[in-house]
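Have a look at final20.txt below; it lists compact mmCIF, C-alpha atoms.
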# COMPACT_ATOMS: atom_id res chain seq x y z
CA MET A 1 0.00 0.00 0.00
CA ASP A 2 1.15 3.54 -0.72
CA GLY A 3 1.26 4.41 2.96
CA ILE A 4 3.13 6.79 5.20
CA HIS A 5 5.51 3.95 6.18
CA ASP A 6 7.09 4.07 2.70
CA MET A 7 9.45 6.92 3.56
CA GLY A 8 12.41 6.55 1.22
CA GLY A 9 13.22 9.90 -0.42
CA MET A 10 10.60 11.99 1.40
CA HIS A 11 11.57 15.51 2.43
CA GLY A 12 10.91 17.56 5.53
CA PHE A 13 11.62 15.18 8.42
CA GLY A 14 14.71 17.07 9.53
CA LYS A 15 18.05 15.91 10.85
CA VAL A 16 18.93 12.50 12.17
CA GLU A 17 19.45 12.88 15.90
CA PRO A 18 21.51 10.11 17.45
CA GLU A 19 21.07 9.80 21.21
CA PRO A 20 24.34 9.33 23.11
CA ASN A 21 24.36 6.27 25.37
CA GLU A 22 20.87 5.34 24.32
CA PRO A 23 19.27 2.72 26.61
CA VAL A 24 17.86 -0.46 25.07
CA PHE A 25 14.39 0.54 26.28
CA HIS A 26 13.38 4.07 27.29
CA ALA A 27 10.67 2.85 29.67
CA PRO A 28 9.68 -0.56 31.04
CA TRP A 29 6.52 -0.67 28.90
CA GLU A 30 8.69 -0.64 25.74
CA GLY A 31 10.40 -3.86 26.80
CA ARG A 32 7.05 -5.45 27.70
CA THR A 33 5.66 -4.43 24.30
CA LEU A 34 8.57 -5.96 22.43
CA ALA A 35 8.30 -9.13 24.53
CA LEU A 36 4.52 -9.38 24.01
CA ASN A 37 5.03 -9.15 20.26
CA ARG A 38 7.74 -11.84 20.36
CA ALA A 39 5.65 -14.13 22.56
CA LEU A 40 2.58 -13.83 20.33
CA GLY A 41 4.69 -14.29 17.20
CA TYR A 42 5.92 -17.57 18.69
CA THR A 43 2.37 -18.95 18.84
CA GLY A 44 2.31 -19.02 15.04
CA ILE A 45 -0.97 -17.14 14.69
CA TRP A 46 0.41 -14.75 12.09
CA THR A 47 3.36 -14.17 9.74
CA ILE A 48 5.95 -11.43 10.10
CA ASP A 49 4.43 -9.79 7.02
CA GLN A 50 0.98 -9.73 8.61
CA THR A 51 2.50 -7.84 11.53
CA ARG A 52 4.26 -5.37 9.21
CA TYR A 53 1.01 -4.82 7.37
CA GLY A 54 -0.60 -4.22 10.77
CA ILE A 55 1.74 -1.26 11.33
CA GLU A 56 1.25 0.08 7.80
CA ARG A 57 -2.51 0.21 8.29
CA LEU A 58 -2.28 2.57 11.26
CA PRO A 59 -3.74 5.96 10.30
CA PRO A 60 -0.92 8.22 9.00
CA ASP A 61 -1.33 10.75 11.80
CA VAL A 62 -1.04 7.99 14.41
CA TYR A 63 1.97 6.53 12.60
CA LEU A 64 3.82 9.83 12.56
CA SER A 65 3.00 10.97 16.07
CA SER A 66 3.61 7.68 17.90
CA SER A 67 6.92 6.39 19.16
CA TYR A 68 8.15 3.11 17.68
CA TYR A 69 6.93 0.85 20.47
CA ARG A 70 3.63 2.71 20.75
CA LYS A 71 3.02 1.68 17.14
CA TRP A 72 3.90 -1.89 18.08
CA GLU A 73 1.49 -1.84 21.01
CA ILE A 74 -1.45 -0.49 19.02
CA ARG A 75 -0.70 -2.93 16.20
CA LEU A 76 -0.77 -5.83 18.67
CA GLU A 77 -4.10 -4.75 20.15
CA ASN A 78 -5.55 -4.36 16.64
CA LEU A 79 -4.31 -7.73 15.37
CA MET A 80 -5.50 -9.62 18.45
CA VAL A 81 -8.97 -8.16 17.99
CA GLU A 82 -8.90 -8.68 14.21
CA PHE A 83 -7.93 -12.36 14.64
CA GLY A 84 -10.77 -12.80 17.11
CA LEU A 85 -8.46 -13.69 20.00
CA ILE A 86 -9.54 -10.89 22.33
CA GLY A 87 -12.42 -8.43 22.40
CA ALA A 88 -12.26 -4.65 22.45
CA ASP A 89 -14.44 -4.88 25.57
CA GLU A 90 -11.72 -6.91 27.29
CA LEU A 91 -9.06 -4.32 26.47
CA LYS A 92 -11.32 -1.68 27.92
CA ALA A 93 -11.97 -3.74 31.04
CA GLY A 94 -8.28 -4.60 31.44
CA HIS A 95 -9.29 -8.21 32.12
CA ALA A 96 -10.38 -11.30 30.22
CA LEU A 97 -14.16 -11.54 30.07
CA ARG A 98 -14.20 -14.87 28.21
CA PRO A 99 -11.87 -17.88 28.06
CA GLY A 100 -9.05 -17.77 25.48
CA LYS A 101 -9.03 -19.79 22.27
CA PRO A 102 -6.60 -22.69 21.89
CA LEU A 103 -3.35 -21.73 20.16
CA LYS A 104 -0.78 -24.04 18.60
CA ARG A 105 1.83 -23.27 21.23
CA LYS A 106 2.73 -20.91 24.04
CA LEU A 107 6.12 -19.43 24.79
CA MET A 108 7.47 -20.67 28.12
CA PRO A 109 10.48 -19.10 29.89
CA ALA A 110 12.78 -22.06 29.18
CA ASP A 111 12.07 -21.84 25.43
CA VAL A 112 13.06 -18.19 25.08
CA PRO A 113 16.77 -18.70 24.27
CA ASN A 114 15.83 -20.92 21.32
CA THR A 115 13.33 -18.44 19.90
CA LEU A 116 15.70 -15.50 19.51
CA THR A 117 17.17 -16.81 16.27
CA ARG A 118 15.44 -15.61 13.15
CA GLY A 119 13.74 -18.32 11.20
CA SER A 120 14.60 -19.09 7.63
CA TYR A 121 12.50 -17.53 4.90
CA SER A 122 14.00 -19.75 2.19
CA ARG A 123 11.52 -21.99 0.40
CA PRO A 124 11.86 -24.51 -2.42
CA ALA A 125 11.49 -22.94 -5.86
CA SER A 126 8.88 -24.16 -8.32
CA ALA A 127 10.69 -22.70 -11.36
CA PRO A 128 14.23 -21.63 -12.21
CA ALA A 129 15.23 -18.03 -11.51
CA ARG A 130 14.29 -15.80 -14.44
CA PHE A 131 17.22 -13.39 -14.00
CA LYS A 132 20.93 -13.63 -13.28
CA ALA A 133 23.59 -11.26 -11.98
CA GLY A 134 24.34 -8.57 -14.56
CA ASP A 135 20.85 -8.52 -16.13
CA ARG A 136 19.28 -5.12 -16.73
CA VAL A 137 15.80 -5.01 -15.24
CA ARG A 138 13.01 -2.49 -14.76
CA THR A 139 10.93 -2.50 -11.60
CA LYS A 140 7.21 -2.55 -12.19
CA ASN A 141 5.03 0.45 -11.61
CA ILE A 142 2.66 -1.24 -9.18
CA HIS A 143 0.44 0.28 -6.51
CA PRO A 144 -1.20 -2.58 -4.64
CA GLN A 145 -3.68 -1.56 -1.93
CA THR A 146 -2.18 -4.24 0.32
CA HIS A 147 1.34 -4.96 1.61
CA THR A 148 4.31 -4.88 -0.75
CA ARG A 149 8.06 -4.57 -0.24
CA LEU A 150 8.71 -2.63 -3.43
CA PRO A 151 9.24 0.94 -2.20
CA ARG A 152 7.67 3.79 -4.15
CA TYR A 153 10.97 5.49 -4.94
CA ALA A 154 12.16 2.37 -6.76
CA ARG A 155 9.13 1.69 -8.96
CA GLY A 156 9.42 1.96 -12.74
CA LYS A 157 13.22 2.31 -12.49
CA VAL A 158 15.96 0.59 -14.47
CA GLY A 159 18.66 -1.17 -12.50
CA MET A 160 20.97 -4.14 -12.62
CA VAL A 161 20.63 -7.49 -10.91
CA GLU A 162 23.65 -7.70 -8.65
CA ALA A 163 22.98 -10.98 -6.86
CA LEU A 164 20.46 -13.78 -6.56
CA ARG A 165 19.55 -14.31 -2.89
CA GLY A 166 17.57 -17.53 -3.09
CA CYS A 167 13.87 -18.29 -3.17
CA HIS A 168 11.92 -16.76 -0.29
CA VAL A 169 8.46 -16.37 1.22
CA TYR A 170 6.66 -13.69 -0.81
CA PRO A 171 5.57 -10.88 1.52
CA ASP A 172 2.81 -9.61 -0.76
CA THR A 173 0.78 -12.81 -0.29
CA ALA A 174 2.03 -13.81 3.19
CA ALA A 175 0.83 -10.44 4.54
CA ILE A 176 -2.77 -11.10 3.59
CA GLY A 177 -3.00 -14.73 4.62
CA GLN A 178 -2.57 -16.07 1.09
CA GLY A 179 0.42 -18.28 1.81
CA ASP A 180 4.16 -18.38 1.25
CA ASN A 181 3.94 -18.31 -2.57
CA PRO A 182 7.78 -18.57 -2.79
CA GLN A 183 9.55 -16.20 -5.19
CA TRP A 184 13.15 -15.62 -6.24
CA LEU A 185 14.80 -12.70 -4.49
CA TYR A 186 17.42 -10.43 -6.07
CA THR A 187 19.58 -7.52 -5.00
CA VAL A 188 18.88 -4.89 -7.67
CA LEU A 189 21.23 -1.93 -7.92
CA PHE A 190 20.28 1.55 -9.19
CA ASP A 191 22.29 4.65 -9.99
CA GLY A 192 21.34 7.58 -7.81
CA ARG A 193 20.44 9.55 -10.95
CA GLU A 194 17.97 6.90 -12.10
CA LEU A 195 16.12 7.27 -8.79
CA TRP A 196 16.51 10.98 -8.05
CA GLY A 197 17.26 12.67 -11.34
CA GLU A 198 20.05 14.96 -12.45
CA SER A 199 20.47 16.60 -9.07
CA SER A 200 21.42 13.29 -7.44
CA ASP A 201 24.80 12.78 -5.85
CA PRO A 202 26.69 11.23 -8.81
CA SER A 203 28.62 8.91 -6.48
CA LEU A 204 25.44 7.35 -5.07
CA LYS A 205 24.18 3.84 -5.75
CA VAL A 206 21.17 2.33 -3.97
CA SER A 207 20.03 -1.27 -3.91
CA ILE A 208 16.76 -2.87 -2.95
CA GLU A 209 15.96 -6.52 -2.34
CA ALA A 210 13.45 -7.24 -5.10
CA PHE A 211 11.21 -10.27 -5.44
CA GLU A 212 10.91 -11.62 -8.97
CA PRO A 213 7.30 -10.42 -9.49
CA TYR A 214 8.55 -6.85 -8.93
CA ILE A 215 10.87 -6.82 -11.96
CA GLU A 216 10.87 -7.37 -15.71
CA PRO A 217 13.61 -7.37 -18.38
CA ALA A 218 14.78 -3.89 -19.45
CA MET B 219 7.49 18.38 11.29
CA THR B 220 8.57 19.69 14.63
CA HIS B 221 10.86 17.81 16.92
CA GLU B 222 8.15 17.24 19.48
CA HIS B 223 6.84 14.59 17.10
CA ASP B 224 10.13 12.82 16.76
CA ASP B 225 10.10 9.16 17.74
CA HIS B 226 12.55 9.53 20.57
CA HIS B 227 10.96 12.40 22.43
CA GLU B 228 8.70 10.58 24.79
CA HIS B 229 6.08 12.75 26.40
CA ALA B 230 5.04 12.28 29.99
CA SER B 231 1.45 11.86 28.81
CA GLU B 232 2.37 9.07 26.39
CA LEU B 233 4.47 7.43 29.08
CA SER B 234 1.65 7.10 31.58
CA GLU B 235 -0.90 6.28 28.88
CA MET B 236 1.32 3.51 27.56
CA GLN B 237 2.20 2.08 30.95
CA LEU B 238 -1.49 1.59 31.66
CA ARG B 239 -2.32 0.40 28.18
CA VAL B 240 0.44 -2.20 28.04
CA ARG B 241 -0.40 -3.43 31.52
CA ALA B 242 -4.03 -3.91 30.47
CA LEU B 243 -3.04 -5.74 27.29
CA GLU B 244 -0.59 -8.01 29.09
CA THR B 245 -3.18 -8.81 31.77
CA VAL B 246 -5.83 -9.71 29.20
CA LEU B 247 -3.42 -11.88 27.20
CA ALA B 248 -2.15 -13.68 30.32
CA GLU B 249 -5.67 -14.31 31.62
CA LYS B 250 -6.67 -15.68 28.21
CA GLY B 251 -3.75 -18.10 28.50
CA TYR B 252 -1.90 -16.80 25.43
CA ILE B 253 1.28 -15.66 27.20
CA ASP B 254 3.36 -16.46 30.26
CA PRO B 255 4.55 -13.17 31.82
CA LYS B 256 7.69 -14.94 33.06
CA ALA B 257 8.68 -15.61 29.46
CA LEU B 258 8.34 -11.87 28.82
CA ASP B 259 10.76 -11.22 31.69
CA VAL B 260 13.35 -13.48 30.05
CA ILE B 261 12.93 -11.77 26.67
CA VAL B 262 13.39 -8.29 28.15
CA GLU B 263 16.41 -9.38 30.16
CA THR B 264 17.98 -11.00 27.11
CA TYR B 265 17.71 -7.87 24.98
CA GLU B 266 18.86 -5.63 27.83
CA THR B 267 21.87 -7.67 28.84
CA LYS B 268 22.90 -10.30 26.29
CA VAL B 269 22.21 -9.30 22.70
CA GLY B 270 24.05 -6.29 21.36
CA PRO B 271 26.64 -4.81 19.03
CA HIS B 272 29.49 -6.40 21.01
CA THR B 273 28.74 -9.54 19.01
CA GLY B 274 29.05 -7.77 15.66
CA ALA B 275 32.24 -6.09 16.88
CA ARG B 276 33.80 -9.49 17.56
CA VAL B 277 32.84 -10.63 14.06
CA VAL B 278 34.42 -7.53 12.49
CA ALA B 279 37.59 -7.83 14.57
CA LYS B 280 37.97 -11.45 13.50
CA ALA B 281 37.46 -10.48 9.85
CA TRP B 282 40.21 -7.85 10.22
CA SER B 283 42.57 -10.41 11.74
CA ASP B 284 41.83 -13.56 9.77
CA PRO B 285 41.74 -13.31 5.96
CA ALA B 286 40.14 -16.76 5.57
CA PHE B 287 37.34 -15.78 7.96
CA LYS B 288 36.85 -12.51 6.12
CA ARG B 289 36.48 -14.35 2.80
CA ALA B 290 34.00 -16.77 4.38
CA LEU B 291 32.07 -13.90 5.97
CA LEU B 292 31.70 -12.02 2.69
CA GLU B 293 30.77 -15.26 0.93
CA ASP B 294 28.06 -16.36 3.41
CA GLY B 295 27.55 -14.21 6.50
CA SER B 296 25.21 -16.57 8.34
CA LYS B 297 27.45 -19.58 7.82
CA ALA B 298 30.67 -17.79 8.83
CA VAL B 299 29.17 -16.23 11.95
CA ALA B 300 27.64 -19.56 12.97
CA ALA B 301 31.02 -21.27 12.56
CA PHE B 302 32.66 -18.56 14.70
CA GLY B 303 30.53 -19.89 17.58
CA LEU B 304 29.68 -16.64 19.39
CA MET B 305 26.01 -17.62 19.45
CA ASN B 306 24.16 -20.90 19.78
CA ARG B 307 22.42 -20.37 16.49
CA VAL B 308 22.52 -17.75 13.76
CA GLY B 309 19.56 -16.88 11.60
CA ASP B 310 19.66 -17.18 7.85
CA HIS B 311 20.26 -14.50 5.25
CA LEU B 312 22.96 -12.41 6.98
CA ILE B 313 25.04 -10.54 4.40
CA ALA B 314 28.28 -8.71 5.23
CA VAL B 315 29.32 -5.85 2.95
CA GLU B 316 32.84 -4.47 2.97
CA ASN B 317 33.88 -0.84 3.08
CA THR B 318 36.91 -0.01 0.95
CA PRO B 319 38.74 3.24 0.12
CA GLN B 320 36.54 3.34 -3.02
CA THR B 321 33.12 2.51 -1.54
CA HIS B 322 31.34 3.28 1.71
CA ASN B 323 28.28 1.16 2.54
CA MET B 324 25.24 2.25 4.53
CA ILE B 325 22.28 0.12 5.68
CA VAL B 326 18.69 1.33 5.98
CA CYS B 327 15.16 -0.02 6.02
CA THR B 328 12.99 2.63 4.40
CA LEU B 329 9.77 0.61 4.85
CA CYS B 330 10.04 -0.37 8.51
CA SER B 331 12.99 -1.17 10.78
CA CYS B 332 14.75 -4.32 9.48
CA TYR B 333 18.08 -4.65 11.26
CA PRO B 334 20.48 -7.51 12.05
CA TRP B 335 19.30 -8.03 15.65
CA GLU B 336 21.42 -11.09 16.31
CA VAL B 337 24.73 -9.34 15.68
CA LEU B 338 23.83 -5.72 16.59
CA GLY B 339 20.99 -6.05 19.12
CA LEU B 340 17.87 -3.90 18.87
CA PRO B 341 18.11 -0.90 16.56
CA PRO B 342 18.63 2.58 18.03
CA VAL B 343 15.70 5.01 17.83
CA TRP B 344 17.32 7.08 15.08
CA TYR B 345 17.57 4.03 12.80
CA LYS B 346 13.78 3.61 12.99
CA SER B 347 13.06 7.33 12.70
CA ALA B 348 11.52 9.18 9.76
CA PRO B 349 14.57 11.43 9.21
CA TYR B 350 16.93 8.47 8.73
CA ARG B 351 14.55 6.28 6.73
CA SER B 352 13.60 9.11 4.38
CA ARG B 353 17.06 10.57 3.77
CA ALA B 354 19.46 7.62 3.78
CA VAL B 355 18.54 6.67 0.21
CA ASN B 356 18.79 10.11 -1.40
CA ASP B 357 21.08 12.13 0.86
CA PRO B 358 23.45 9.70 2.60
CA ARG B 359 26.22 12.30 2.76
CA GLY B 360 23.84 14.65 4.56
CA VAL B 361 22.98 11.84 6.97
CA LEU B 362 26.68 11.19 7.56
CA ALA B 363 27.13 14.89 8.29
CA ASP B 364 24.46 14.57 11.00
CA PHE B 365 26.77 11.97 12.56
CA GLY B 366 29.79 14.23 12.15
CA VAL B 367 31.27 11.98 9.46
CA THR B 368 32.80 13.28 6.22
CA LEU B 369 34.09 10.78 3.69
CA PRO B 370 37.24 11.49 1.69
CA ALA B 371 36.50 13.04 -1.71
CA GLY B 372 36.13 10.41 -4.38
CA THR B 373 34.50 7.81 -2.13
CA ASN B 374 31.39 6.30 -3.67
CA ILE B 375 28.37 5.64 -1.47
CA ARG B 376 26.35 2.46 -1.63
CA VAL B 377 23.08 2.31 0.27
CA TRP B 378 21.41 -1.05 0.96
CA ASP B 379 17.66 -0.82 1.53
CA SER B 380 16.65 -3.88 3.58
CA THR B 381 13.38 -4.55 1.79
CA ALA B 382 13.31 -8.36 2.34
CA GLU B 383 14.43 -10.87 4.98
CA THR B 384 18.08 -10.49 4.04
CA ARG B 385 19.96 -8.59 6.78
CA PHE B 386 23.10 -6.54 6.29
CA ILE B 387 26.11 -5.71 8.41
CA VAL B 388 28.87 -3.37 7.26
CA LEU B 389 32.46 -4.52 7.59
CA PRO B 390 34.16 -1.17 8.29
CA MET B 391 37.74 -0.44 7.25
CA ARG B 392 40.40 -1.38 9.77
CA PRO B 393 41.98 1.77 11.20
CA ALA B 394 45.62 2.45 10.47
CA GLY B 395 48.07 2.00 13.32
CA THR B 396 46.50 -1.20 14.64
CA GLU B 397 49.02 -3.67 13.27
CA GLY B 398 49.59 -6.56 15.61
CA TRP B 399 46.55 -5.79 17.79
CA SER B 400 44.65 -8.70 19.29
CA GLU B 401 41.09 -9.41 18.14
CA GLU B 402 39.83 -8.39 21.54
CA LYS B 403 41.58 -5.02 21.38
CA LEU B 404 40.44 -4.48 17.80
CA ALA B 405 36.82 -5.19 18.78
CA GLY B 406 37.01 -2.14 21.03
CA LEU B 407 37.37 0.06 17.94
CA VAL B 408 34.25 -1.29 16.26
CA THR B 409 31.24 0.90 17.02
CA ARG B 410 27.62 -0.02 16.35
CA ASP B 411 27.31 2.86 13.90
CA SER B 412 30.38 1.69 11.97
CA MET B 413 28.54 -1.59 11.32
CA ILE B 414 25.44 0.28 10.06
CA GLY B 415 27.56 2.61 7.94
CA THR B 416 26.72 5.87 9.71
CA GLY B 417 30.11 5.89 11.37
CA LEU B 418 33.68 4.71 10.96
CA ALA B 419 35.70 2.47 13.25
CA LYS B 420 37.46 4.44 15.99
CA ASN B 421 41.06 5.53 15.63
CA PRO B 422 43.51 3.84 17.98
CA LYS B 423 43.91 7.22 19.71
CA GLU B 424 40.17 7.36 20.53
CA ALA B 425 40.09 3.83 21.96

Please re-express this file's structure in structure tokens.
Amino acid sequence: MDGIHDMGGMHGFGKVEPEPNEPVFHAPWEGRTLALNRALGYTGIWTIDQTRYGIERLPPDVYLSSSYYRKWEIRLENLMVEFGLIGADELKAGHALRPGKPLKRKLMPADVPNTLTRGSYSRPASAPARFKAGDRVRTKNIHPQTHTRLPRYARGKVGMVEALRGCHVYPDTAAIGQGDNPQWLYTVLFDGRELWGESSDPSLKVSIEAFEPYIEPA
Amino acid sequence: MTHEHDDHHEHASELSEMQLRVRALETVLAEKGYIDPKALDVIVETYETKVGPHTGARVVAKAWSDPAFKRALLEDGSKAVAAFGLMNRVGDHLIAVENTPQTHNMIVCTLCSCYPWEVLGLPPVWYKSAPYRSRAVNDPRGVLADFGVTLPAGTNIRVWDSTAETRFIVLPMRPAGTEGWSEEKLAGLVTRDSMIGTGLAKNPKEA
């Protein structure tokens, strides 16, 4: 979706302000929010792309005015209600008003160390890769209403396939509950001028990780 | 946009609102039987005390010291880091990219906040902020200036937008004057930002 989350190349957000000696969490609720998201992710009720899409669907004003973990917290409330696992009335009450539904599994303290490793997103391919390193490709000019990982600034642009990264879960379908639909993944490299025009820094190159459905021969 | 809306300026009102809101959510989820609050304690403790950029720094220091490891790291980041044995397990799709006198690499996720957690820990607030995500891809030199970094003239800039499940770590250039240093001592020169590409490794004099 062409949402506020797709920020590459936007103007007006000001300087980057690094915080010296930044703590891991700025308040205890941030750590709890991260942990809640991890614990619910472990139950297998949704994919990582469904959770990203959950953030992208926040209203733009909420997205921009909320801290990072506030977005995570609201997203978690929304998804739990959307998946029918809790009720809005229960959130309001601050207590369960009905028994929970059975989930595949529950994260127990002893299991935590084994859940910190990222899973693999590689999947068997159903067809050979269509492109190889060195191929000139053009990204498609697509504007799906749902989740995609092709950023706006890199649509309809000519670049070069730099590397093949294997066959991976396709976020565009995984985000909307339509399965892994594995697709080949490429690093595609663009000249700064192709993306930003004549005024671009001539020494700039930018790459994206592009799934095969995002690109065509150029 | 004014700074009061920046991600890292937490307001007192949001703080108390969020404390109550998260407590309510956690209570509901625990009472429904979906989570064990003790597991949450372990997760928080792990990210506060165990996972962090010290791991990535050890990887970089080894790559500086051991040419065979460096080759293996650039060939397959996940495999090389797993073989190094700093962690029980390493997730797939880790890619190391090398800074050279010709090319400086910088990592961003313009769409969300993708970051190599296992080797660098949780991302700093600025990495997830609108200013960084918007500008890294079209004004990386301006971003570097915000960090007080100026690259030598003639250095090309390569920005990697983490738009899939591949994760990137920058292998910064080894500072001059560190010949014969142990891996442990070298690791002390490797900052988090140097592994994202918004900084350089420290000079021996700064260590």

**Request:** Counting all atoms listed in the file, figure out which residue out of A:Val188, A:Ala88, A:Cys167, A:Leu36 gets nearest to chain B.
**Result:**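 Result for the nearest residue to chain B: A:Leu36.
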
**Request:** Measuring atom to atom with all atoms listed in the file, identify which of B:Asn421, B:Thr321, B:Thr264, B:Thr381 is nearest to chain A.
**Result:** B:Thr381

**Request:** Choose the residue, out of B:Tyr333, B:Trp378, B:Tyr252, B:Tyr350, that has the smallest atom-to-atom separation from Glu162 (chain A); count only C-alpha atoms.
**Result:**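 Distance minimum relative to Glu162 (chain A) lands on B:Trp378.
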
Using all atoms listed in the file, find the residues of chain B whose closest atom to chain A is at most 7 Å away, then write them as an mmCIF file with C-alpha atoms, in the frame of the given file.
data_model
loop_
_atom_site.group_PDB
_atom_site.id
_atom_site.type_symbol
_atom_site.label_atom_id
_atom_site.label_comp_id
_atom_site.auth_asym_id
_atom_site.auth_seq_id
_atom_site.Cartn_x
_atom_site.Cartn_y
_atom_site.Cartn_z
ATOM 1 C CA MET B 219 7.490 18.380 11.290
ATOM 2 C CA HIS B 223 6.840 14.590 17.100
ATOM 3 C CA ASP B 225 10.100 9.160 17.740
ATOM 4 C CA HIS B 226 12.550 9.530 20.570
ATOM 5 C CA MET B 236 1.320 3.510 27.560
ATOM 6 C CA GLN B 237 2.200 2.080 30.950
ATOM 7 C CA VAL B 240 0.440 -2.200 28.040
ATOM 8 C CA ALA B 242 -4.030 -3.910 30.470
ATOM 9 C CA LEU B 243 -3.040 -5.740 27.290
ATOM 10 C CA THR B 245 -3.180 -8.810 31.770
ATOM 11 C CA VAL B 246 -5.830 -9.710 29.200
ATOM 12 C CA GLU B 249 -5.670 -14.310 31.620
ATOM 13 C CA LYS B 250 -6.670 -15.680 28.210
ATOM 14 C CA GLY B 251 -3.750 -18.100 28.500
ATOM 15 C CA TYR B 252 -1.900 -16.800 25.430
ATOM 16 C CA ILE B 253 1.280 -15.660 27.200
ATOM 17 C CA ASP B 254 3.360 -16.460 30.260
ATOM 18 C CA LYS B 256 7.690 -14.940 33.060
ATOM 19 C CA ALA B 257 8.680 -15.610 29.460
ATOM 20 C CA LEU B 258 8.340 -11.870 28.820
ATOM 21 C CA VAL B 260 13.350 -13.480 30.050
ATOM 22 C CA ILE B 261 12.930 -11.770 26.670
ATOM 23 C CA VAL B 262 13.390 -8.290 28.150
ATOM 24 C CA GLU B 266 18.860 -5.630 27.830
ATOM 25 C CA ARG B 307 22.420 -20.370 16.490
ATOM 26 C CA VAL B 308 22.520 -17.750 13.760
ATOM 27 C CA GLY B 309 19.560 -16.880 11.600
ATOM 28 C CA ASP B 310 19.660 -17.180 7.850
ATOM 29 C CA THR B 328 12.990 2.630 4.400
ATOM 30 C CA LEU B 329 9.770 0.610 4.850
ATOM 31 C CA CYS B 330 10.040 -0.370 8.510
ATOM 32 C CA TRP B 344 17.320 7.080 15.080
ATOM 33 C CA ALA B 348 11.520 9.180 9.760
ATOM 34 C CA PRO B 349 14.570 11.430 9.210
ATOM 35 C CA TYR B 350 16.930 8.470 8.730
ATOM 36 C CA ARG B 351 14.550 6.280 6.730
ATOM 37 C CA SER B 352 13.600 9.110 4.380
ATOM 38 C CA ARG B 353 17.060 10.570 3.770
ATOM 39 C CA VAL B 355 18.540 6.670 0.210
ATOM 40 C CA ASN B 356 18.790 10.110 -1.400
ATOM 41 C CA VAL B 361 22.980 11.840 6.970
ATOM 42 C CA ASP B 364 24.460 14.570 11.000
ATOM 43 C CA ASN B 374 31.390 6.300 -3.670
ATOM 44 C CA ILE B 375 28.370 5.640 -1.470
ATOM 45 C CA ARG B 376 26.350 2.460 -1.630
ATOM 46 C CA VAL B 377 23.080 2.310 0.270
ATOM 47 C CA TRP B 378 21.410 -1.050 0.960
ATOM 48 C CA ASP B 379 17.660 -0.820 1.530
ATOM 49 C CA SER B 380 16.650 -3.880 3.580
ATOM 50 C CA THR B 381 13.380 -4.550 1.790
ATOM 51 C CA ALA B 382 13.310 -8.360 2.340
ATOM 52 C CA GLU B 383 14.430 -10.870 4.980
#

**Message:** To one decimal place in Å, what is the distance between CA of Val277 (chain B) and CA of Arg359 (chain B)?
**Reply:**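 Rounded to one decimal, the two atoms are 26.4 Å apart.
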
**Request:** Can you pull out every residue within 9 Å of Lys280 (chain B), counting only C-alpha atoms, but drop anything in the same chain fewer than 4 positions away, and send it as a PyMOL selection string?
**Result:** chain B and resi 275-276+284-285+287-288+302+401-402+404-405

**Prompt:** In Å, with one decimal, what is the gap from CA of Arg239 (chain B) to CA of Arg57 (chain A)?
**Reply:**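 Atom-to-atom, CA of Arg239 (chain B) and CA of Arg57 (chain A) are spaced 19.9 Å apart.
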
**Asked** Which value, in Å to one decimal, gives the distance between CA of Pro124 (chain A) and CA of Glu212 (chain A)?
**Response**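 Distance reported for this atom pair: 14.5 Å.
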
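Nearest to Arg75 (chain A) of all the residues A:Pro20, A:Pro60, A:Gly177, A:Gly54 is A:Gly54, based on all atoms listed in the file.
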